[in-house]
>>> print(open('entry24.pdb').read())   # PDB, C-alpha atoms, pLDDT in the B column
ATOM      1  CA  MET A 897       4.503  -2.624  19.662  1.00 79.00           C
ATOM      2  CA  MET A 898       6.767  -4.651  17.400  1.00 83.00           C
ATOM      3  CA  ARG A 899       9.529  -4.578  19.985  1.00 86.00           C
ATOM      4  CA  THR A 900       7.168  -5.946  22.658  1.00 89.00           C
ATOM      5  CA  VAL A 901       6.008  -8.809  20.458  1.00 90.00           C
ATOM      6  CA  LEU A 902       9.530  -9.630  19.316  1.00 91.00           C
ATOM      7  CA  SER A 903      10.885  -9.653  22.878  1.00 91.00           C
ATOM      8  CA  LYS A 904       8.600 -12.618  23.616  1.00 91.00           C
ATOM      9  CA  SER A 905       9.172 -14.409  20.295  1.00 94.00           C
ATOM     10  CA  ARG A 906      11.351 -17.446  19.673  1.00 94.00           C
ATOM     11  CA  GLY A 907      11.440 -16.781  15.937  1.00 95.00           C
ATOM     12  CA  ALA A 908       9.977 -14.593  13.225  1.00 96.00           C
ATOM     13  CA  ILE A 909       8.526 -15.216   9.793  1.00 95.00           C
ATOM     14  CA  VAL A 910       8.457 -12.301   7.358  1.00 94.00           C
ATOM     15  CA  HIS A 911       7.112 -11.889   3.833  1.00 91.00           C
ATOM     16  CA  SER A 912       9.805  -9.525   2.553  1.00 89.00           C
ATOM     17  CA  ASP A 913      13.408  -8.520   3.083  1.00 92.00           C
ATOM     18  CA  ALA A 914      12.236  -5.009   3.968  1.00 92.00           C
ATOM     19  CA  VAL A 915      10.194  -6.310   6.909  1.00 92.00           C
ATOM     20  CA  GLY A 916      13.083  -8.557   7.911  1.00 95.00           C
ATOM     21  CA  GLU A 917      15.289  -5.462   8.087  1.00 95.00           C
ATOM     22  CA  GLN A 918      12.705  -3.741  10.298  1.00 94.00           C
ATOM     23  CA  VAL A 919      12.572  -6.761  12.604  1.00 95.00           C
ATOM     24  CA  ARG A 920      16.366  -6.745  12.929  1.00 96.00           C
ATOM     25  CA  ALA A 921      16.369  -2.963  13.428  1.00 94.00           C
ATOM     26  CA  GLN A 922      14.083  -3.499  16.443  1.00 93.00           C
ATOM     27  CA  GLY A 923      16.846  -5.619  17.956  1.00 93.00           C
ATOM     28  CA  PHE A 924      15.465  -9.090  17.254  1.00 95.00           C
ATOM     29  CA  ALA A 925      18.398 -11.520  17.067  1.00 95.00           C
ATOM     30  CA  GLY A 926      16.449 -14.799  16.950  1.00 95.00           C
ATOM     31  CA  PRO A 927      15.916 -17.052  13.968  1.00 96.00           C
ATOM     32  CA  MET A 928      14.011 -15.528  11.087  1.00 97.00           C
ATOM     33  CA  ALA A 929      12.652 -17.031   7.876  1.00 96.00           C
ATOM     34  CA  ARG A 930      11.337 -15.296   4.794  1.00 94.00           C
ATOM     35  CA  ILE A 931       8.321 -16.878   3.129  1.00 92.00           C
ATOM     36  CA  PRO A 932       7.240 -15.079  -0.043  1.00 84.00           C
ATOM     37  CA  HIS A 933       3.757 -13.648   0.192  1.00 77.00           C
ATOM     38  CA  GLY A 934       2.380 -15.757  -2.635  1.00 75.00           C
ATOM     39  CA  ALA A 935       1.053 -12.926  -4.755  1.00 75.00           C
ATOM     40  CA  TRP A 936       3.056 -11.929  -7.791  1.00 76.00           C
ATOM     41  CA  THR A 937       2.146  -9.668 -10.612  1.00 78.00           C
ATOM     42  CA  ALA A 938       3.569  -9.619 -14.094  1.00 82.00           C
ATOM     43  CA  PRO A 939       5.560  -6.526 -14.988  1.00 85.00           C
ATOM     44  CA  ALA A 940       3.245  -3.938 -16.507  1.00 84.00           C
ATOM     45  CA  ASP A 941       3.756  -0.913 -18.697  1.00 88.00           C
ATOM     46  CA  ARG A 942       2.160   1.774 -16.564  1.00 86.00           C
ATOM     47  CA  MET A 943       1.954   4.255 -19.432  1.00 91.00           C
ATOM     48  CA  SER A 944      -0.115   1.875 -21.587  1.00 91.00           C
ATOM     49  CA  TYR A 945      -2.619   1.531 -18.728  1.00 88.00           C
ATOM     50  CA  ARG A 946      -2.709   5.299 -18.314  1.00 91.00           C
ATOM     51  CA  ALA A 947      -3.220   5.719 -22.066  1.00 93.00           C
ATOM     52  CA  GLY A 948      -6.157   3.312 -21.884  1.00 92.00           C
ATOM     53  CA  LEU A 949      -7.683   5.567 -19.224  1.00 92.00           C
ATOM     54  CA  ASN A 950      -6.806   8.682 -21.244  1.00 92.00           C
ATOM     55  CA  LEU A 951      -4.523   9.942 -18.444  1.00 92.00           C
ATOM     56  CA  ASP A 952      -1.154  11.569 -18.951  1.00 89.00           C
ATOM     57  CA  GLU A 953       1.770  10.695 -16.700  1.00 88.00           C
ATOM     58  CA  ARG A 954       1.185  13.688 -14.413  1.00 87.00           C
ATOM     59  CA  ALA A 955      -2.490  13.009 -13.694  1.00 87.00           C
ATOM     60  CA  PRO A 956      -3.111  11.669 -10.206  1.00 83.00           C
ATOM     61  CA  LEU A 957      -4.224   8.051 -10.129  1.00 85.00           C
ATOM     62  CA  ILE A 958      -5.387   6.469  -6.903  1.00 85.00           C
ATOM     63  CA  GLY A 959      -6.136   2.789  -6.393  1.00 85.00           C
ATOM     64  CA  VAL A 960      -7.982   0.815  -3.778  1.00 85.00           C
ATOM     65  CA  PHE A 961      -6.980  -2.824  -3.689  1.00 85.00           C
ATOM     66  CA  GLY A 962      -8.518  -5.891  -2.157  1.00 85.00           C
ATOM     67  CA  PHE A 963     -12.059  -6.104  -0.922  1.00 88.00           C
ATOM     68  CA  LEU A 964     -14.062  -2.887  -0.783  1.00 87.00           C
ATOM     69  CA  LYS A 965     -14.794  -2.790   2.923  1.00 90.00           C
ATOM     70  CA  PRO A 966     -16.208   0.108   4.969  1.00 90.00           C
ATOM     71  CA  TYR A 967     -12.971   0.455   6.956  1.00 90.00           C
ATOM     72  CA  LYS A 968     -11.208   1.554   3.757  1.00 90.00           C
ATOM     73  CA  ARG A 969     -13.362   4.714   3.925  1.00 92.00           C
ATOM     74  CA  ILE A 970     -13.811   4.991   0.177  1.00 92.00           C
ATOM     75  CA  ALA A 971     -16.917   7.201   0.332  1.00 92.00           C
ATOM     76  CA  GLU A 972     -15.112   9.591   2.683  1.00 94.00           C
ATOM     77  CA  SER A 973     -12.089   9.641   0.388  1.00 91.00           C
ATOM     78  CA  LEU A 974     -14.231  10.417  -2.656  1.00 92.00           C
ATOM     79  CA  ARG A 975     -15.891  13.307  -0.818  1.00 93.00           C
ATOM     80  CA  ALA A 976     -12.460  14.625   0.188  1.00 92.00           C
ATOM     81  CA  PHE A 977     -11.228  14.407  -3.426  1.00 89.00           C
ATOM     82  CA  ARG A 978     -14.329  16.283  -4.601  1.00 90.00           C
ATOM     83  CA  ARG A 979     -13.609  19.045  -2.083  1.00 91.00           C
ATOM     84  CA  LEU A 980      -9.980  19.125  -3.175  1.00 87.00           C
ATOM     85  CA  VAL A 981     -10.913  19.508  -6.846  1.00 85.00           C
ATOM     86  CA  ARG A 982     -13.385  22.274  -6.020  1.00 88.00           C
ATOM     87  CA  GLY A 983     -10.765  24.140  -4.010  1.00 86.00           C
ATOM     88  CA  CYS A 984      -7.860  23.575  -6.403  1.00 81.00           C
ATOM     89  CA  PRO A 985      -9.210  23.292  -9.949  1.00 70.00           C
ATOM     90  CA  THR A 986      -6.797  22.121 -12.627  1.00 69.00           C
ATOM     91  CA  PRO A 987      -5.487  24.864 -14.905  1.00 64.00           C
ATOM     92  CA  ALA A 988      -6.914  24.737 -18.433  1.00 56.00           C
TER      93      ALA A 988
END
>>> encode(input="entry24.pdb", output="structure tokens")
Amino acid sequence: MMRTVLSKSRGAIVHSDAVGEQVRAQGFAGPMARIPHGAWTAPADRMSYRAGLNLDERAPLIGVFGFLKPYKRIAESLRAFRRLVRGCPTPA
């Protein structure tokens, strides 16, 4: 799909160098500009956050970011995690 869109484009705007590389890899040779996304986060010590949640570094931690919308299928994911835990309990 990207190739089809790019074949009709006069230019491209990307939010990251990684996406710019993908655009070039699809063969796009036109002008391209990178505009930072506008969302930055301060560096964080992940282990201090885990300690605050009483989780060690090996414990799975899953996040859902942005608005909690039905298309993110959170209820379905929680049911799947429950089934996973029942089928593969953690060793004591």
>>> atom_distance(input="entry24.pdb", atom1="atom CA of Ser973 of chain A", atom2="atom CA of Thr937 of chain A")
26.4 Å
>>> residues_near_point(input="entry24.pdb", point="(5.3, 4.7, -15.3)", cutoff="12 Å", atoms="all atoms listed in the file", output="tab-separated table (two decimals) with C-alpha atoms, keeping the file's coordinate frame")
chain	number	residue	atom	x	y	z
A	939	PRO	CA	5.56	-6.53	-14.99
A	940	ALA	CA	3.24	-3.94	-16.51
A	941	ASP	CA	3.76	-0.91	-18.70
A	942	ARG	CA	2.16	1.77	-16.56
A	943	MET	CA	1.95	4.26	-19.43
A	944	SER	CA	-0.12	1.88	-21.59
A	945	TYR	CA	-2.62	1.53	-18.73
A	946	ARG	CA	-2.71	5.30	-18.31
A	947	ALA	CA	-3.22	5.72	-22.07
A	951	LEU	CA	-4.52	9.94	-18.44
A	952	ASP	CA	-1.15	11.57	-18.95
A	953	GLU	CA	1.77	10.70	-16.70
A	954	ARG	CA	1.18	13.69	-14.41
A	955	ALA	CA	-2.49	13.01	-13.69
A	957	LEU	CA	-4.22	8.05	-10.13
>>> closest_residue(input="entry24.pdb", among="A:Gly948, A:Asp913, A:Ala976, A:Val919", to="Ile931 of chain A", atoms="only C-alpha atoms")
A:Asp913
>>> residues_around(input="entry24.pdb", residues="Gln922 of chain A", least_positions_apart="3", cutoff="9 Å", atoms="only C-alpha atoms", output="list in words")
Met898, Arg899, Leu902, Glu917, Gln918 and Val919 of chain A
>>> axis_aligned_box(input="entry24.pdb", around="segment 923-931 of chain A", padding_each_side="3 Å", output="AutoDock Vina command-line options")
--center_x 13.4 --center_y -11.3 --center_z 10.5 --size_x 16.1 --size_y 17.4 --size_z 20.8
>>> residues_around(input="entry24.pdb", residues="Val915 of chain A", least_positions_apart="4", cutoff="12 Å", atoms="only C-alpha atoms", output="list in words")
Met898, Ala908, Ile909, Val910, His911, Val919, Arg920, Ala921, Gln922, Phe924, Met928, Ala929, Arg930, Ile931, Pro932 and His933 of chain A
>>> atom_distance(input="entry24.pdb", atom1="atom CA of Pro927 of chain A", atom2="atom CA of Ser912 of chain A")
15.0 Å
>>> atom_distance(input="entry24.pdb", atom1="atom CA of Gly916 of chain A", atom2="atom CA of Trp936 of chain A")
18.9 Å
